[in-house]
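Note sheet for the following structure.
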Amino acid sequence: MINRIFGFTLLTLFAGMGLQAQKTFRIGYVDMEYILQNVPQYQEASSQLDARVLEWKSEVEEKKREIEKMKFRLDNERALLTRELIEEREEEIAYQEEQALDYQQKRFGPNGDYLLQKKQLVRPIQDQVFTAVREISENRNLDMVFDRTADTGMLYAAEEHDISDQVLRSINRAANRRQIESRQDRQELETAEGRTVEQDEKVAEREQENQDKQNEREAILAERQRQRDSIKAARQKELEERRARVIEARQRRMDSIRELRQQKDTIN
């Protein structure tokens with residue numbers, strides 16, 4: 001969001017410099033962290049996300065504990081097991097470790113659920129901030145507005161230019177207006193009827209573009225999940241087939257020993 005604000009304002013500034021070389025530039029800034037901390041909707045959703053994160057971390061730790069138990073049992077029983085059984089146990093442990101790592105990446109990786117849901121959580125507030133910043137900047141004749149918590153940062157900022165409280169009040173007022181307007185269907189209808197055909201077409205096009213992008217993202221994620229599931233299923237099948245062969249070979253050896261004993265008893 002700040003990149004859009006910065007790029008738009010910077011272009012406007014440089015364009016104006018050619019026309020108004022003596023203009024005094026006015027700069028404002030917002031504290032995005034401060035705004036987020038004071039938006040109730042964000043705080044409520046953030047608490048819900050934190051609860052899910054605790055559950056995910058607990059599941060990751062449980063998987064790790066189970067793997068450690070498997071390793072401990074193998075170390076204690078290694079001397080009593082055949083080479084085939086040891087290899088089978090080790091392969092199963094390696095498979096479970098891979099499963100645990102995949103789960104951890106799914107939840108906390110670069111494209112994991114945590115970061116995706118965090119972005120989805122912040123995005124609506126960012127859009128509201130951008131709208132409020134643009135309105136306040138026009139009213140106060142500000143030339144630039146920065147987010148002091150963004151990576152771009154600022155070298156200096158005077159407190160008199162901090163419009164965070166005003167942005168927060170603007171967001172709250174907008175939320176209150178939406179609550180009132182939601183009970184006034186007639187006003188909403190009048191607003192919709194006041195749009196021209198061209199405006200309606202543009203709104204529809206934007207909504208369709210957003211939906212197409214969402215569908216494309218969901219299709220990509222679904223295909224990636226399908227491929228991961230296919231690989232995991234193949235590995236699981238291979239492990240089960242190998243385990244079946246080991247059990248079958250063990251049974252043949254036991255049958256052979258039993259037959260030899262029976263023959264010995266018959267001779268005696």
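Just remember, in the structure tokens the first chain shown is A, the second B, etc., residues are 1-based per chain, and ligands are 1-based in the order shown.
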
| task | Find the residues near Gln48 of chain A: any atom within 12 Å, counting only C-alpha atoms, skip ones fewer than 6 places away on the same chain, and give them as a ChimeraX atom specification. | result | /A:41-42,54-55,114,117-118,121

Just write the chosen residues, C-alpha atoms, as a tab-separated table (two decimals), in the first residue's frame.
chain	number	residue	atom	x	y	z
A	41	GLN	CA	-12.20	-5.91	13.84
A	42	TYR	CA	-8.51	-6.50	13.23
A	54	LEU	CA	-1.06	-22.22	18.77
A	55	GLU	CA	-2.98	-25.27	17.54
A	114	TYR	CA	-0.02	-18.29	8.56
A	117	GLN	CA	-4.07	-15.52	6.44
A	118	LYS	CA	-2.01	-12.69	7.94
A	121	LEU	CA	-6.26	-10.09	7.66

Each segment 73-147 of chain A residue no farther than 8 Å from segment 242-252 of chain A, nearest pair in Å, only C-alpha atoms, as JSON lines:
{"residue": "A:Glu84", "atom": "CA", "partner": "A:Val246", "partner_atom": "CA", "distance": 6.8}
{"residue": "A:Leu85", "atom": "CA", "partner": "A:Val246", "partner_atom": "CA", "distance": 7.6}
{"residue": "A:Glu88", "atom": "CA", "partner": "A:Arg243", "partner_atom": "CA", "distance": 6.7}

If you take only C-alpha atoms and a cut-off of 12 Å, which residues of segment 61-127 of chain A touch segment 158-167 of chain A, and what are their nearest atom pairs and distances in Å to one decimal, in chain and number order, as CSV?
residue,atom,partner,partner_atom,distance
A:Ile125,CA,A:Val167,CA,10.8
A:Gln126,CA,A:Val167,CA,11.1
A:Asp127,CA,A:Val167,CA,11.7

Take the selection from the previous step and output its residues with C-alpha atoms, as a PDB file, in the first residue's frame.
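In the end it all went to again18.pdb:
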ATOM      1  CA  ILE A 125      -7.459  -2.388   6.840  1.00  0.00           C
ATOM      2  CA  GLN A 126      -4.777  -1.322   4.352  1.00  0.00           C
ATOM      3  CA  ASP A 127      -7.454  -0.494   1.796  1.00  0.00           C
TER       4      ASP A 127
END

| field | Every residue of segment 9-182 of chain A that DSSP places in strand (DSSP E), as a VMD selection string | value | chain A and resid 27 to 30 144 to 147

Using only N, CA and C atoms, please write the residues we just selected to a file, as a PDB file, in the first residue's frame.
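Generated file (part37.pdb):
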ATOM      1  N   ILE A  27       4.351  17.239   4.345  1.00  0.00           N
ATOM      2  CA  ILE A  27       4.516  15.786   4.468  1.00  0.00           C
ATOM      3  C   ILE A  27       3.788  15.295   5.710  1.00  0.00           C
ATOM      4  N   GLY A  28       3.107  14.181   5.582  1.00  0.00           N
ATOM      5  CA  GLY A  28       2.459  13.544   6.723  1.00  0.00           C
ATOM      6  C   GLY A  28       2.876  12.083   6.793  1.00  0.00           C
ATOM      7  N   TYR A  29       2.600  11.450   7.909  1.00  0.00           N
ATOM      8  CA  TYR A  29       2.916  10.030   8.030  1.00  0.00           C
ATOM      9  C   TYR A  29       1.871   9.351   8.906  1.00  0.00           C
ATOM     10  N   VAL A  30       1.784   8.051   8.763  1.00  0.00           N
ATOM     11  CA  VAL A  30       0.891   7.246   9.586  1.00  0.00           C
ATOM     12  C   VAL A  30       1.709   6.144  10.248  1.00  0.00           C
ATOM     13  N   MET A 144       2.990  14.541   0.645  1.00  0.00           N
ATOM     14  CA  MET A 144       3.469  13.176   0.828  1.00  0.00           C
ATOM     15  C   MET A 144       2.996  12.625   2.153  1.00  0.00           C
ATOM     16  N   VAL A 145       2.699  11.330   2.153  1.00  0.00           N
ATOM     17  CA  VAL A 145       2.338  10.633   3.384  1.00  0.00           C
ATOM     18  C   VAL A 145       3.090   9.305   3.389  1.00  0.00           C
ATOM     19  N   PHE A 146       3.789   9.021   4.462  1.00  0.00           N
ATOM     20  CA  PHE A 146       4.554   7.783   4.582  1.00  0.00           C
ATOM     21  C   PHE A 146       4.003   6.922   5.707  1.00  0.00           C
ATOM     22  N   ASP A 147       4.288   5.651   5.612  1.00  0.00           N
ATOM     23  CA  ASP A 147       4.028   4.725   6.719  1.00  0.00           C
ATOM     24  C   ASP A 147       5.342   4.548   7.471  1.00  0.00           C
TER      25      ASP A 147
END

| request: Grab the atom CA of Asp143 of chain A to atom CA of Phe25 of chain A distance for me, in Å with one decimal place. | output: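 Calculated distance between atom CA of Asp143 of chain A and atom CA of Phe25 of chain A is 5.8 Å.
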
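Interatomic distance, atom CA of Lys213 of chain A to atom CA of Ile171 of chain A: 27.2 Å.
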
| field | DSSP-assigned alpha helix (DSSP H) members of segment 21-97 of chain A, reported as a ChimeraX atom specification | value | /A:32-37,40-77,83-97
